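J.: A single structure is presented below for examination.
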Amino acid sequence: MDLKAIIAHEIQPYAGEMLNGHAYLTVSADQSVFTVVSVARIKSERIIHLSLHIRVVGDHIIIEYDDSSEPLVDTLLRAGVSRSQIVLAYTGEAVSETA
């Protein structure tokens with residue numbers, strides 16, 4: 001199972017047009033880090049917000065931060081990723097850099 005390819009596919013709906021702006025998907029050159037950053041305007045104020053930050057380390061997906069309305073963990077589980085391969089760092093689960 002190619003975790004990077006699964007993330008690249010499943011994270012697509014988290015980016016795109018939104019009510020007052022746009023959510024941008026960024027991916028590192030080696031496809032080991034994925035982020036979704038929103039840029040919006042509310043009245044005259046520009047708002048920048050990180051909604052997702054994910055890393056792939058070995059055969060594990062480390063979700064560092066998830067502030068989305070549909071948690072990425074649920075999306076990944078539906079896509080067939082084993083829960084044992086997903087680390088929810090933002091909830092306090094232990095992160096191993098050599099996972």
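Lettering and numbering for the structure tokens are positional, with chains as A, B, ... in the shown order, residues counted from 1 in each chain, and ligands counted from 1 in the shown order.
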Step one, run DSSP on the backbone; step two, keep only residues of region 1-94 of chain A assigned to strand (DSSP E or B); then write them as a VMD selection string.

T.: chain A and resid 16 to 18 21 to 27 33 to 42 45 to 57 60 to 66 86 to 88

J.: Please provide the set of residues having any atom within 10 Å of Ile86 (chain A), restricted to only C-alpha atoms, with same-chain residues fewer than 5 positions apart removed, written as a VMD selection string.

T.: chain A and resid 56 59 to 63 73 76 to 77 81 93

J.: When you count only C-alpha atoms, which of these residues is closest to Val57 (chain A): A:Ser84, A:Ser44, A:Thr75, A:Ser32?

T.: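 Counting only C-alpha atoms, the residue closest to Val57 (chain A) is A:Ser32.
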
J.: List the neighbours of Tyr90 (chain A) out to 6 Å using only C-alpha atoms; skip same-chain residues closer than 2 positions along the sequence, and give me the result as a ChimeraX atom specification.

T.: /A:64-65,88,92

J.: Arg78 (chain A): which residues within 12 Å, counting only C-alpha atoms, same-chain residues fewer than 5 positions away excluded, as a compact mmCIF listing (two decimals) with N, CA, C and O atoms, in the first residue's frame?

T.:
# COMPACT_ATOMS: atom_id res chain seq x y z
N ILE A 6 -2.02 7.32 -1.42
CA ILE A 6 -3.35 7.35 -0.79
C ILE A 6 -3.62 8.73 -0.22
O ILE A 6 -4.69 9.31 -0.44
N ILE A 7 -2.65 9.29 0.50
CA ILE A 7 -2.84 10.63 1.07
C ILE A 7 -3.06 11.64 -0.05
O ILE A 7 -3.98 12.46 0.02
N GLU A 10 -6.65 11.17 -1.26
CA GLU A 10 -7.72 11.39 -0.29
C GLU A 10 -7.76 12.81 0.27
O GLU A 10 -8.80 13.26 0.75
N PRO A 71 -12.65 14.64 9.99
CA PRO A 71 -11.29 14.24 10.33
C PRO A 71 -10.66 13.35 9.26
O PRO A 71 -11.29 12.42 8.75
N LEU A 72 -9.40 13.66 8.93
CA LEU A 72 -8.69 12.90 7.91
C LEU A 72 -8.56 11.43 8.30
O LEU A 72 -8.59 10.56 7.43
N VAL A 73 -8.44 11.13 9.57
CA VAL A 73 -8.33 9.74 10.00
C VAL A 73 -9.51 8.92 9.48
O VAL A 73 -9.33 7.78 9.02
N ARG A 83 -5.70 1.37 11.00
CA ARG A 83 -5.60 2.34 12.12
C ARG A 83 -4.23 2.25 12.79
O ARG A 83 -3.71 3.25 13.28

J.: Taking into account only C-alpha atoms, which residue in the set A:Val39, A:Lys4, A:Ala79, A:His9 is nearest to His22 (chain A)?

T.: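 Comparing A:Val39, A:Lys4, A:Ala79, A:His9 against His22 (chain A), the winner is A:Val39.
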
J.: Write out as a PyMOL selection string the set of residues from chain A that DSSP, computed on the backbone, places in helix (DSSP H, G or I).

T.: chain A and resi 3-10+12-14+72-78+83-85+89-91

J.: Measuring atom to atom with only C-alpha atoms, identify which of A:Ala5, A:Leu52, A:Val87, A:Glu45 is nearest to Ala23 (chain A).

T.: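 Checking each candidate against Ala23 (chain A), we get A:Leu52 as the closest.
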
J.: Which value, in Å to one decimal, gives the distance between CA of Ile48 (chain A) and CA of Tyr14 (chain A)?

T.: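 Rounded to one decimal, the two atoms are 15.3 Å apart.
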
J.: Suppose you want the space between CA of Gln12 (chain A) and CA of Gly58 (chain A); what is it in Å?

T.: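 These two atoms are separated by 22.1 Å.
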
J.: Give me, as number ranges by chain, all polymer residues having an atom no more than 7 Å from Phe34 (chain A), counting only C-alpha atoms and skipping those fewer than 2 positions away in the same chain.

T.: A: 26-28, 32, 53-55

J.: Filtering to N, CA, C and O atoms, could you give me those residues as a short mmCIF file (atom, residue, chain, number, x, y, z; two decimals), in the first residue's frame?

T.:
data_model
loop_
_atom_site.label_atom_id
_atom_site.label_comp_id
_atom_site.auth_asym_id
_atom_site.auth_seq_id
_atom_site.Cartn_x
_atom_site.Cartn_y
_atom_site.Cartn_z
N THR A 26 -0.50 21.88 -0.09
CA THR A 26 0.94 21.95 -0.38
C THR A 26 1.54 20.59 -0.06
O THR A 26 1.12 19.90 0.87
N VAL A 27 2.53 20.20 -0.87
CA VAL A 27 3.17 18.90 -0.73
C VAL A 27 4.68 19.10 -0.86
O VAL A 27 5.14 19.79 -1.77
N SER A 28 5.43 18.48 0.04
CA SER A 28 6.89 18.59 -0.04
C SER A 28 7.38 17.86 -1.28
O SER A 28 6.69 16.99 -1.84
N SER A 32 6.50 13.63 1.49
CA SER A 32 6.41 13.09 2.84
C SER A 32 5.66 14.04 3.78
O SER A 32 5.31 13.64 4.89
N HIS A 53 -1.97 19.07 8.74
CA HIS A 53 -0.53 18.88 8.58
C HIS A 53 -0.26 17.39 8.80
O HIS A 53 -0.54 16.86 9.87
N ILE A 54 0.22 16.72 7.76
CA ILE A 54 0.41 15.28 7.78
C ILE A 54 1.83 14.95 7.32
O ILE A 54 2.34 15.57 6.39
N ARG A 55 2.44 13.96 7.98
CA ARG A 55 3.74 13.49 7.55
C ARG A 55 3.70 11.98 7.36
O ARG A 55 2.95 11.29 8.05
#

J.: Can you work out which one of A:Ser68, A:Ala40, A:Asp2, A:Ser51 has the shortest atom-to-atom distance to Leu25 (chain A), counting only C-alpha atoms?

T.: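 Counting only C-alpha atoms, the residue closest to Leu25 (chain A) is A:Ser51.
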
J.: Could you check which of A:Asp74, A:Ile47, A:Met18, A:Gly80 is closest to Leu3 (chain A), using only C-alpha atoms?

T.: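 Closest to Leu3 (chain A), using only C-alpha atoms: A:Gly80.
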
J.: Would you mind reading off the distance between CA of Ala15 (chain A) and CA of Val37 (chain A), one decimal, in Å?

T.: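 Rounded to one decimal, the two atoms are 8.2 Å apart.
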
J.: With only C-alpha atoms as the basis for distance, which of A:Arg46, A:Ser96, A:Ser69, A:Val33 is at the shortest distance from Pro13 (chain A)?

T.: A:Ser69
